[in-house]
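Dumped work_17.pdb below, it's PDB, C-alpha atoms:
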ATOM      1  CA  MET I   1      61.402 157.625 -36.864
ATOM      2  CA  PRO I   2      62.309 155.024 -34.189
ATOM      3  CA  ASP I   3      59.700 152.481 -33.269
ATOM      4  CA  PHE I   4      59.235 153.146 -29.528
ATOM      5  CA  PRO I   5      57.358 150.586 -27.397
ATOM      6  CA  ASP I   6      53.816 151.298 -26.570
ATOM      7  CA  PRO I   7      53.641 152.937 -23.082
ATOM      8  CA  ALA I   8      50.762 150.643 -22.206
ATOM      9  CA  SER I   9      52.848 147.519 -22.840
ATOM     10  CA  ARG I  10      55.665 148.924 -20.693
ATOM     11  CA  LYS I  11      53.201 149.392 -17.894
ATOM     12  CA  ARG I  12      51.974 145.840 -18.341
ATOM     13  CA  ARG I  13      55.568 144.479 -18.132
ATOM     14  CA  ARG I  14      56.217 146.411 -14.943
ATOM     15  CA  SER I  15      53.074 145.025 -13.403
ATOM     16  CA  THR I  16      54.217 141.433 -14.014
ATOM     17  CA  ARG I  17      57.445 141.811 -11.993
ATOM     18  CA  ARG I  18      57.613 139.788  -8.721
ATOM     19  CA  ALA I  19      57.354 141.922  -5.635
ATOM     20  CA  LEU I  20      60.219 141.725  -3.101
ATOM     21  CA  PRO I  21      59.421 139.425  -0.172
ATOM     22  CA  GLY I  22      58.561 140.978   3.133
ATOM     23  CA  ALA I  23      60.503 140.433   6.348
ATOM     24  CA  ASP I  24      58.268 137.596   7.495
ATOM     25  CA  GLU I  25      58.552 135.828   4.181
ATOM     26  CA  ARG I  26      62.346 136.184   4.166
ATOM     27  CA  GLU I  27      62.563 134.776   7.685
ATOM     28  CA  ALA I  28      60.370 131.840   6.728
ATOM     29  CA  SER I  29      62.501 131.025   3.676
ATOM     30  CA  ARG I  30      65.794 130.832   5.606
ATOM     31  CA  PRO I  31      67.274 127.343   6.070
ATOM     32  CA  ARG I  32      66.889 126.088   9.571
ATOM     33  CA  ILE I  33      69.937 124.774  11.491
ATOM     34  CA  PRO I  34      68.905 121.931  13.741
ATOM     35  CA  ARG I  35      69.611 122.318  17.438
ATOM     36  CA  VAL I  36      72.292 119.994  18.791
ATOM     37  CA  ASN I  37      72.867 119.113  22.397
ATOM     38  CA  ILE I  38      76.638 119.445  22.769
ATOM     39  CA  SER I  39      78.002 117.028  25.330
ATOM     40  CA  GLU I  40      81.024 117.636  27.564
ATOM     41  CA  ASP I  41      82.865 114.963  25.575
ATOM     42  CA  ILE I  42      82.884 117.239  22.536
ATOM     43  CA  PHE I  43      84.409 120.041  24.595
ATOM     44  CA  GLU I  44      87.033 117.632  25.910
ATOM     45  CA  ASP I  45      87.869 116.598  22.335
ATOM     46  CA  VAL I  46      88.277 120.246  21.369
ATOM     47  CA  GLU I  47      90.479 120.911  24.402
ATOM     48  CA  GLU I  48      92.623 117.904  23.514
ATOM     49  CA  LYS I  49      93.072 119.175  19.956
ATOM     50  CA  ILE I  50      94.052 122.615  21.226
ATOM     51  CA  LEU I  51      96.525 121.054  23.637
ATOM     52  CA  ARG I  52      98.052 118.992  20.838
ATOM     53  CA  GLN I  53      98.496 122.130  18.762
ATOM     54  CA  LEU I  54     100.253 123.821  21.683
ATOM     55  CA  ILE I  55     102.515 120.818  22.128
ATOM     56  CA  LEU I  56     103.377 120.752  18.429
ATOM     57  CA  ARG I  57     104.233 124.416  18.647
ATOM     58  CA  TYR I  58     106.452 123.686  21.651
ATOM     59  CA  GLN I  59     108.219 120.862  19.817
ATOM     60  CA  ASN I  60     108.782 123.019  16.737
ATOM     61  CA  GLU I  61     110.251 125.789  18.861
ATOM     62  CA  GLU I  62     112.566 123.296  20.558
ATOM     63  CA  ALA I  63     113.857 122.211  17.156
ATOM     64  CA  LEU I  64     114.256 125.751  15.888
ATOM     65  CA  GLY I  65     115.701 127.127  19.089
ATOM     66  CA  ALA I  66     113.390 130.136  19.009
ATOM     67  CA  GLY I  67     109.901 131.151  19.940
ATOM     68  CA  LEU I  68     107.459 133.867  20.783
ATOM     69  CA  PHE I  69     107.237 135.397  24.235
ATOM     70  CA  LEU I  70     105.494 133.226  26.829
ATOM     71  CA  THR I  71     105.646 130.034  24.795
ATOM     72  CA  PRO I  72     107.268 127.243  26.833
ATOM     73  CA  VAL I  73     110.740 127.448  25.284
ATOM     74  CA  SER I  74     110.885 131.237  25.110
ATOM     75  CA  ALA I  75     109.767 131.394  28.741
ATOM     76  CA  TYR I  76     113.214 129.969  29.540
ATOM     77  CA  LEU I  77     115.113 131.930  26.905
ATOM     78  CA  ASN I  78     113.724 135.202  28.294
ATOM     79  CA  LEU I  79     115.052 134.577  31.811
ATOM     80  CA  PRO I  80     117.437 137.383  32.855
ATOM     81  CA  ALA I  81     121.171 136.593  32.975
ATOM     82  CA  LEU I  82     120.524 133.130  31.563
ATOM     83  CA  ARG I  83     123.759 131.136  31.582
ATOM     84  CA  ALA I  84     122.369 127.917  30.106
ATOM     85  CA  PHE I  85     119.139 126.144  29.179
ATOM     86  CA  TRP I  86     119.212 122.495  28.174
ATOM     87  CA  PRO I  87     115.914 121.320  26.589
ATOM     88  CA  LEU I  88     117.439 117.795  26.306
ATOM     89  CA  SER I  89     115.828 117.378  22.897
ATOM     90  CA  SER I  90     119.042 118.515  21.193
ATOM     91  CA  HIS I  91     122.042 116.213  21.593
ATOM     92  CA  ASP I  92     124.640 114.705  19.299
ATOM     93  CA  HIS I  93     125.390 111.064  18.502
ATOM     94  CA  ASN I  94     127.478 110.813  21.680
ATOM     95  CA  GLY I  95     124.620 112.087  23.837
ATOM     96  CA  ASN I  96     126.174 115.496  24.547
ATOM     97  CA  ALA I  97     123.258 117.764  25.483
ATOM     98  CA  TYR I  98     123.267 121.137  23.732
ATOM     99  CA  ASP I  99     122.713 124.454  25.462
ATOM    100  CA  LEU I 100     119.862 126.326  23.772
ATOM    101  CA  SER I 101     120.884 129.707  25.234
ATOM    102  CA  GLY I 102     123.473 129.989  22.466
ATOM    103  CA  GLN I 103     126.426 130.127  24.880
ATOM    104  CA  GLY I 104     127.711 126.671  23.987
ATOM    105  CA  ARG I 105     127.649 125.063  27.440
ATOM    106  CA  THR I 106     127.156 121.495  26.243
ATOM    107  CA  LEU I 107     126.745 118.825  28.932
ATOM    108  CA  THR I 108     128.655 115.533  28.741
ATOM    109  CA  PRO I 109     126.673 112.423  29.765
ATOM    110  CA  THR I 110     127.705 109.422  31.829
ATOM    111  CA  ALA I 111     125.262 106.486  31.790
ATOM    112  CA  VAL I 112     122.378 108.773  30.788
ATOM    113  CA  THR I 113     119.734 107.932  28.190
ATOM    114  CA  TYR I 114     117.209 110.203  26.527
ATOM    115  CA  ASP I 115     113.530 109.729  25.880
ATOM    116  CA  ARG I 116     110.359 111.638  25.172
ATOM    117  CA  GLN I 117     107.748 111.236  27.908
ATOM    118  CA  ARG I 118     104.378 112.916  27.832
ATOM    119  CA  PHE I 119     105.309 115.960  25.732
ATOM    120  CA  ALA I 120     108.819 116.630  27.059
ATOM    121  CA  SER I 121     112.332 115.512  26.194
ATOM    122  CA  VAL I 122     113.919 113.978  29.278
ATOM    123  CA  ALA I 123     117.224 112.597  30.504
ATOM    124  CA  ILE I 124     116.911 109.341  32.425
ATOM    125  CA  PHE I 125     119.276 108.791  35.349
ATOM    126  CA  GLU I 126     119.609 105.268  36.747
ATOM    127  CA  ALA I 127     120.023 105.215  40.524
ATOM    128  CA  GLY I 128     123.292 103.617  41.594
ATOM    129  CA  SER I 129     124.775 103.582  38.095
ATOM    130  CA  ASN I 130     126.848 106.793  38.317
ATOM    131  CA  SER I 131     124.476 108.598  35.929
ATOM    132  CA  MET I 132     125.135 112.296  35.439
ATOM    133  CA  LEU I 133     125.334 115.212  33.025
ATOM    134  CA  GLU I 134     128.388 117.366  33.590
ATOM    135  CA  ARG I 135     130.378 120.343  32.355
ATOM    136  CA  ALA I 136     133.840 121.301  33.562
ATOM    137  CA  ASP I 137     134.256 124.582  35.397
ATOM    138  CA  GLU I 138     134.516 127.736  33.313
ATOM    139  CA  PRO I 139     134.054 131.470  33.978
ATOM    140  CA  GLY I 140     130.382 131.448  32.976
ATOM    141  CA  LEU I 141     129.639 128.720  35.511
ATOM    142  CA  SER I 142     131.752 130.136  38.360
ATOM    143  CA  ILE I 143     128.904 132.197  39.774
ATOM    144  CA  THR I 144     129.686 133.820  43.130
ATOM    145  CA  GLY I 145     126.799 136.309  43.267
ATOM    146  CA  ASP I 146     123.082 136.075  42.534
ATOM    147  CA  LEU I 147     122.001 132.741  41.119
ATOM    148  CA  SER I 148     118.935 130.708  40.107
ATOM    149  CA  LEU I 149     118.671 127.128  38.920
ATOM    150  CA  GLY I 150     115.903 124.604  38.474
ATOM    151  CA  CYS I 151     114.273 121.914  36.360
ATOM    152  CA  TRP I 152     111.313 119.570  36.042
ATOM    153  CA  LEU I 153     112.017 116.314  37.812
ATOM    154  CA  ALA I 154     110.434 112.913  38.535
ATOM    155  CA  PHE I 155     111.979 110.521  41.051
ATOM    156  CA  ASP I 156     111.545 106.903  39.963
ATOM    157  CA  GLY I 157     111.561 105.428  43.447
ATOM    158  CA  SER I 158     112.436 105.915  47.073
ATOM    159  CA  PHE I 159     115.911 107.174  47.982
ATOM    160  CA  SER I 160     117.913 108.502  50.934
ATOM    161  CA  TYR I 161     119.816 111.341  49.219
ATOM    162  CA  SER I 162     119.632 112.535  45.641
ATOM    163  CA  SER I 163     121.621 115.342  44.051
ATOM    164  CA  ILE I 164     119.690 117.387  41.490
ATOM    165  CA  ALA I 165     122.112 120.058  40.205
ATOM    166  CA  GLY I 166     124.971 122.253  41.318
ATOM    167  CA  LYS I 167     128.716 122.769  41.856
ATOM    168  CA  TRP I 168     129.446 120.790  45.002
ATOM    169  CA  SER I 169     132.313 118.353  44.972
ATOM    170  CA  ALA I 170     133.540 115.889  47.565
ATOM    171  CA  GLY I 171     136.549 116.723  49.689
ATOM    172  CA  GLY I 172     135.263 119.525  51.884
ATOM    173  CA  ALA I 173     137.200 122.816  51.806
ATOM    174  CA  GLY I 174     137.156 124.554  48.445
ATOM    175  CA  GLY I 175     134.750 122.139  46.752
ATOM    176  CA  GLU I 176     131.350 123.435  47.830
ATOM    177  CA  SER I 177     129.534 126.358  46.240
ATOM    178  CA  PHE I 178     125.836 125.594  45.597
ATOM    179  CA  GLU I 179     123.645 122.541  45.189
ATOM    180  CA  LEU I 180     119.954 121.684  44.887
ATOM    181  CA  HIS I 181     119.136 118.207  46.200
ATOM    182  CA  ALA I 182     116.491 116.075  47.906
ATOM    183  CA  TYR I 183     116.629 113.608  50.776
ATOM    184  CA  PHE I 184     114.517 111.300  52.943
ATOM    185  CA  SER I 185     114.494 111.497  56.723
ATOM    186  CA  ALA I 186     112.177 110.236  59.469
ATOM    187  CA  GLY I 187     109.470 109.232  57.011
ATOM    188  CA  GLU I 188     109.462 112.548  55.126
ATOM    189  CA  TYR I 189     110.927 113.798  51.830
ATOM    190  CA  TYR I 190     112.641 117.181  51.632
ATOM    191  CA  VAL I 191     113.987 119.455  48.912
ATOM    192  CA  GLU I 192     117.012 121.442  50.035
ATOM    193  CA  PHE I 193     119.225 124.195  48.631
ATOM    194  CA  SER I 194     122.720 124.382  50.102
ATOM    195  CA  THR I 195     125.249 127.184  49.585
ATOM    196  CA  HIS I 196     128.740 127.826  50.941
ATOM    197  CA  ASP I 197     130.833 130.976  51.313
ATOM    198  CA  GLY I 198     134.097 129.184  52.139
ATOM    199  CA  VAL I 199     133.480 129.267  55.888
ATOM    200  CA  THR I 200     129.818 128.497  56.558
ATOM    201  CA  GLN I 201     127.275 126.244  54.895
ATOM    202  CA  PHE I 202     123.731 127.603  54.521
ATOM    203  CA  ASP I 203     120.818 125.176  54.073
ATOM    204  CA  THR I 204     117.240 126.017  53.100
ATOM    205  CA  THR I 205     114.973 123.009  53.528
ATOM    206  CA  LEU I 206     111.383 122.535  52.335
ATOM    207  CA  LYS I 207     109.365 119.513  53.421
ATOM    208  CA  GLU I 208     107.277 117.857  50.740
ATOM    209  CA  PRO I 209     103.696 118.388  51.977
ATOM    210  CA  SER I 210     102.035 115.123  50.885
ATOM    211  CA  GLY I 211     104.249 112.703  52.799
ATOM    212  CA  GLY I 212     105.560 111.229  49.567
ATOM    213  CA  VAL I 213     102.152 110.569  47.986
ATOM    214  CA  ASP I 214     102.646 113.370  45.455
ATOM    215  CA  PHE I 215     106.438 113.184  45.320
ATOM    216  CA  LEU I 216     107.648 109.896  43.880
ATOM    217  CA  ASN I 217     106.952 108.998  40.223
ATOM    218  CA  THR I 218     105.343 112.414  39.752
ATOM    219  CA  TRP I 219     106.620 115.383  37.767
ATOM    220  CA  LEU I 220     107.777 118.183  40.073
ATOM    221  CA  PHE I 221     109.036 121.687  39.405
ATOM    222  CA  VAL I 222     112.047 122.362  41.643
ATOM    223  CA  ALA I 223     114.079 125.562  41.725
ATOM    224  CA  ALA I 224     116.319 127.619  43.986
ATOM    225  CA  THR I 225     117.570 131.209  44.118
ATOM    226  CA  ILE I 226     120.113 133.188  46.085
ATOM    227  CA  ASP I 227     119.994 136.978  46.445
ATOM    228  CA  THR I 228     123.376 138.026  47.809
ATOM    229  CA  ALA I 229     122.361 141.672  48.312
ATOM    230  CA  SER I 230     119.574 140.766  50.763
ATOM    231  CA  GLN I 231     121.452 137.609  51.845
ATOM    232  CA  GLN I 232     118.418 135.394  51.347
ATOM    233  CA  GLN I 233     118.016 132.125  49.507
ATOM    234  CA  THR I 234     114.818 130.342  48.516
ATOM    235  CA  VAL I 235     113.962 126.783  47.563
ATOM    236  CA  ARG I 236     110.808 125.973  45.577
ATOM    237  CA  LEU I 237     108.736 122.824  45.041
ATOM    238  CA  ASN I 238     105.935 123.506  42.536
ATOM    239  CA  THR I 239     104.236 126.527  44.180
ATOM    240  CA  SER I 240     105.542 125.990  47.733
ATOM    241  CA  THR I 241     108.587 128.009  48.824
ATOM    242  CA  ARG I 242     110.792 128.585  51.844
ATOM    243  CA  THR I 243     113.299 131.420  52.359
ATOM    244  CA  THR I 244     116.162 131.590  54.868
ATOM    245  CA  ALA I 245     119.495 133.348  55.353
ATOM    246  CA  ALA I 246     122.181 133.162  52.650
ATOM    247  CA  PRO I 247     125.852 134.141  52.313
ATOM    248  CA  ALA I 248     126.931 137.508  50.975
ATOM    249  CA  ALA I 249     128.895 135.681  48.259
ATOM    250  CA  LEU I 250     129.281 132.116  47.045
ATOM    251  CA  GLN I 251     132.601 130.368  47.329
ATOM    252  CA  PRO I 252     134.355 130.101  43.961
ATOM    253  CA  THR I 253     135.183 126.499  43.166
ATOM    254  CA  ALA I 254     136.762 124.547  40.348
ATOM    255  CA  ALA I 255     134.149 121.811  40.754
ATOM    256  CA  ALA I 256     132.259 120.860  37.616
ATOM    257  CA  PHE I 257     128.620 121.811  37.171
ATOM    258  CA  SER I 258     126.712 118.535  37.420
ATOM    259  CA  ILE I 259     123.151 117.329  37.078
ATOM    260  CA  GLY I 260     122.408 114.113  38.949
ATOM    261  CA  TYR I 261     125.589 113.863  41.035
ATOM    262  CA  SER I 262     127.434 115.967  43.617
ATOM    263  CA  GLY I 263     130.629 113.965  44.090
ATOM    264  CA  TYR I 264     129.568 112.291  47.314
ATOM    265  CA  ALA I 265     128.996 108.531  47.484
ATOM    266  CA  GLY I 266     125.335 107.608  47.217
ATOM    267  CA  SER I 267     124.233 111.004  45.888
ATOM    268  CA  TYR I 268     123.294 109.823  42.399
ATOM    269  CA  LEU I 269     119.848 110.760  41.150
ATOM    270  CA  GLY I 270     117.425 108.032  40.131
ATOM    271  CA  GLY I 271     114.757 109.519  37.916
ATOM    272  CA  ARG I 272     114.016 111.781  34.994
ATOM    273  CA  VAL I 273     115.013 115.404  34.422
ATOM    274  CA  ALA I 274     113.610 117.892  31.886
ATOM    275  CA  SER I 275     114.399 121.512  30.980
ATOM    276  CA  PRO I 276     117.195 122.316  33.465
ATOM    277  CA  PHE I 277     118.328 125.952  33.514
ATOM    278  CA  LEU I 278     120.914 128.147  35.234
ATOM    279  CA  CYS I 279     120.890 131.953  35.665
ATOM    280  CA  ALA I 280     123.334 134.413  37.197
ATOM    281  CA  SER I 281     120.426 136.356  38.693
ATOM    282  CA  ALA I 282     118.013 135.972  41.590
ATOM    283  CA  LEU I 283     114.745 135.331  39.772
ATOM    284  CA  PRO I 284     111.734 136.873  41.528
ATOM    285  CA  ALA I 285     109.155 134.505  42.970
ATOM    286  CA  ALA I 286     106.606 135.812  40.447
ATOM    287  CA  THR I 287     108.883 134.879  37.537
ATOM    288  CA  LEU I 288     109.339 131.302  38.765
ATOM    289  CA  GLU I 289     105.595 131.070  39.392
ATOM    290  CA  GLN I 290     104.942 132.141  35.795
ATOM    291  CA  LEU I 291     107.533 129.661  34.544
ATOM    292  CA  PHE I 292     105.800 126.870  36.472
ATOM    293  CA  HIS I 293     102.383 127.736  35.025
ATOM    294  CA  ALA I 294     103.758 128.270  31.485
ATOM    295  CA  THR I 295     105.206 124.743  31.390
ATOM    296  CA  ARG I 296     103.115 122.626  33.794
ATOM    297  CA  HIS I 297     100.678 121.323  31.137
ATOM    298  CA  ILE I 298     103.596 119.594  29.405
ATOM    299  CA  PHE I 299     104.109 117.457  32.509
ATOM    300  CA  GLY I 300     100.484 116.849  33.409
ATOM    301  CA  ARG I 301     100.468 119.139  36.436
TER     302      ARG I 301
END

Transcribe the structure of this file into structure tokens.
Amino acid sequence: MPDFPDPASRKRRRSTRRALPGADEREASRPRIPRVNISEDIFEDVEEKILRQLILRYQNEEALGAGLFLTPVSAYLNLPALRAFWPLSSHDHNGNAYDLSGQGRTLTPTAVTYDRQRFASVAIFEAGSNSMLERADEPGLSITGDLSLGCWLAFDGSFSYSSIAGKWSAGGAGGESFELHAYFSAGEYYVEFSTHDGVTQFDTTLKEPSGGVDFLNTWLFVAATIDTASQQQTVRLNTSTRTTAAPAALQPTAAAFSIGYSGYAGSYLGGRVASPFLCASALPAATLEQLFHATRHIFGR
């Protein structure tokens, strides 16, 4: 017969077991985390780290030529009827700037150098040295209907007239189509978008509001659109805009598409350009506003 334990001893063993702690005892036994007064400096450090991560992501997407929606690069690549986007981080040993839209519209440089400033790849144009980026005319650049173009830009010093981008050659008849430029007059700086239908020139001019204080040596977002259906064109400087009348169609021209030069003497740009783009569509104001806010942190705006 098996030798079962004595019931009394089993009872004694049960009585020696440690009772589970109560709620108060459990609370008292928990390790205490000391309180720390978190200064604003710590938050600033965290924000800086987050910003660096965003910038690294931007740089990686530039190199890969792809991205997720609403990241800086994909914000450009998702623009409707995009004809070209030049991040200026991708160029060959001769300095030819590659088109990231995948349509092969490489720009040829003249007296242009490249650099990385803040968190952006930029092309540096030396005033008075015939600096430009250029591509010969082709069907994809001969836009006669709706159009949008723009870039981030920093002027390195005072100037009288400075071409930004467009198809506008010297010689008058047949050479003008569209151009975004800036000029100085009567103590004020202006950004202007000019278009031509073969008969009449249309100019939309926006005065820089700070009297030059926030214009020179400062990164600016400049853009222009033309809507041929409504016959309106708009010029933009950061978040300020002005809209006036536009032609029903742009004049076709064999002029090259140029950044930094229009073909007229003294029109060379002196400054830095980043992320220029060209679309065969009239981008809504809300889209350009979103593009400004999606990329402004890269330029310290």

Can you list what the PyMOL selection byres ((chain I and resi 101-106) around 9) grabs from this structure, as an MDAnalysis selection string? chainID I and resid 65 76:77 82:86 91 96:100 107:108 134:135 140

Those same residues - C-alpha atoms - I'd like them written as a PDB file, in the frame of the given file.
ATOM      1  CA  GLY I  65     115.701 127.127  19.089  1.00  0.00           C
ATOM      2  CA  TYR I  76     113.214 129.969  29.540  1.00  0.00           C
ATOM      3  CA  LEU I  77     115.113 131.930  26.905  1.00  0.00           C
ATOM      4  CA  LEU I  82     120.524 133.130  31.563  1.00  0.00           C
ATOM      5  CA  ARG I  83     123.759 131.136  31.582  1.00  0.00           C
ATOM      6  CA  ALA I  84     122.369 127.917  30.106  1.00  0.00           C
ATOM      7  CA  PHE I  85     119.139 126.144  29.179  1.00  0.00           C
ATOM      8  CA  TRP I  86     119.212 122.495  28.174  1.00  0.00           C
ATOM      9  CA  HIS I  91     122.042 116.213  21.593  1.00  0.00           C
ATOM     10  CA  ASN I  96     126.174 115.496  24.547  1.00  0.00           C
ATOM     11  CA  ALA I  97     123.258 117.764  25.483  1.00  0.00           C
ATOM     12  CA  TYR I  98     123.267 121.137  23.732  1.00  0.00           C
ATOM     13  CA  ASP I  99     122.713 124.454  25.462  1.00  0.00           C
ATOM     14  CA  LEU I 100     119.862 126.326  23.772  1.00  0.00           C
ATOM     15  CA  LEU I 107     126.745 118.825  28.932  1.00  0.00           C
ATOM     16  CA  THR I 108     128.655 115.533  28.741  1.00  0.00           C
ATOM     17  CA  GLU I 134     128.388 117.366  33.590  1.00  0.00           C
ATOM     18  CA  ARG I 135     130.378 120.343  32.355  1.00  0.00           C
ATOM     19  CA  GLY I 140     130.382 131.448  32.976  1.00  0.00           C
TER      20      GLY I 140
END

Report as a JSON list (two decimals) with C-alpha atoms, keeping the file's coordinate frame all protein, DNA and RNA residues lying within 6 Å of segment 218-227 of chain I, evaluated on all atoms listed in the file, omitting residues in the same chain fewer than 3 positions from it.
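out_8.json written:
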[["chain", "number", "residue", "atom", "x", "y", "z"],
["I", 146, "ASP", "CA", 123.08, 136.07, 42.53],
["I", 147, "LEU", "CA", 122.00, 132.74, 41.12],
["I", 148, "SER", "CA", 118.94, 130.71, 40.11],
["I", 149, "LEU", "CA", 118.67, 127.13, 38.92],
["I", 150, "GLY", "CA", 115.90, 124.60, 38.47],
["I", 151, "CYS", "CA", 114.27, 121.91, 36.36],
["I", 152, "TRP", "CA", 111.31, 119.57, 36.04],
["I", 153, "LEU", "CA", 112.02, 116.31, 37.81],
["I", 154, "ALA", "CA", 110.43, 112.91, 38.53],
["I", 215, "PHE", "CA", 106.44, 113.18, 45.32],
["I", 230, "SER", "CA", 119.57, 140.77, 50.76],
["I", 231, "GLN", "CA", 121.45, 137.61, 51.84],
["I", 232, "GLN", "CA", 118.42, 135.39, 51.35],
["I", 233, "GLN", "CA", 118.02, 132.12, 49.51],
["I", 234, "THR", "CA", 114.82, 130.34, 48.52],
["I", 235, "VAL", "CA", 113.96, 126.78, 47.56],
["I", 236, "ARG", "CA", 110.81, 125.97, 45.58],
["I", 237, "LEU", "CA", 108.74, 122.82, 45.04],
["I", 238, "ASN", "CA", 105.94, 123.51, 42.54],
["I", 282, "ALA", "CA", 118.01, 135.97, 41.59]]

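Residues in contact range of Ser258 of chain I, defined as at most 8 Å between only C-alpha atoms, with sequence neighbours fewer than 5 positions away removed, read Met132, Leu133, Glu134, Arg135, Ala165, Gly166 and Lys167 of chain I.
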
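When only C-alpha atoms are used to compute distances to Trp168 of chain I, the closest of the residues I:Leu278, I:Leu88, I:Ala255, I:Ala186 turns out to be I:Ala255.
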
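One finds atom CA of Gly95 of chain I at 25.9 Å from atom CA of Arg296 of chain I.
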
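Our summary of the geometry notes that atom CA of Glu179 of chain I is positioned 23.3 Å from atom CA of Asn78 of chain I.
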
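Shortest atom-to-atom contact with Pro252 of chain I among I:Ser177, I:Ser169, I:Ser185, I:Asn130: I:Ser177, counting all atoms listed in the file.
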
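Separating atom CA of Arg272 of chain I from atom CA of Tyr161 of chain I is a distance of 15.4 Å.
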
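Closest to Ala274 of chain I among I:Phe159, I:Phe178, I:Phe299, I:Tyr261 is I:Phe299, based on only C-alpha atoms.
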
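Among the candidates I:Ala75, I:Ser275, I:Gly198, I:Ser240, the residue lying nearest to Ser90 of chain I is I:Ser275 (atoms considered: only C-alpha atoms).
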
Between I:Gly271, I:Pro209, I:Gly175, I:Pro139, single out the one closest to Val191 of chain I, counting all atoms listed in the file. I:Pro209

Counting all atoms listed in the file, which of I:Thr241, I:Asn217, I:Thr287, I:Thr144 gets nearest to Ala229 of chain I? I:Thr144

The centre and edge lengths of an axis-aligned box containing all atoms of segment 72-81 of chain I present in the file, extended by 4 Å on each side, are to be given in Å to one decimal, as AutoDock Vina command-line options.
--center_x 114.2 --center_y 132.3 --center_z 29.0 --size_x 21.9 --size_y 18.1 --size_z 15.9
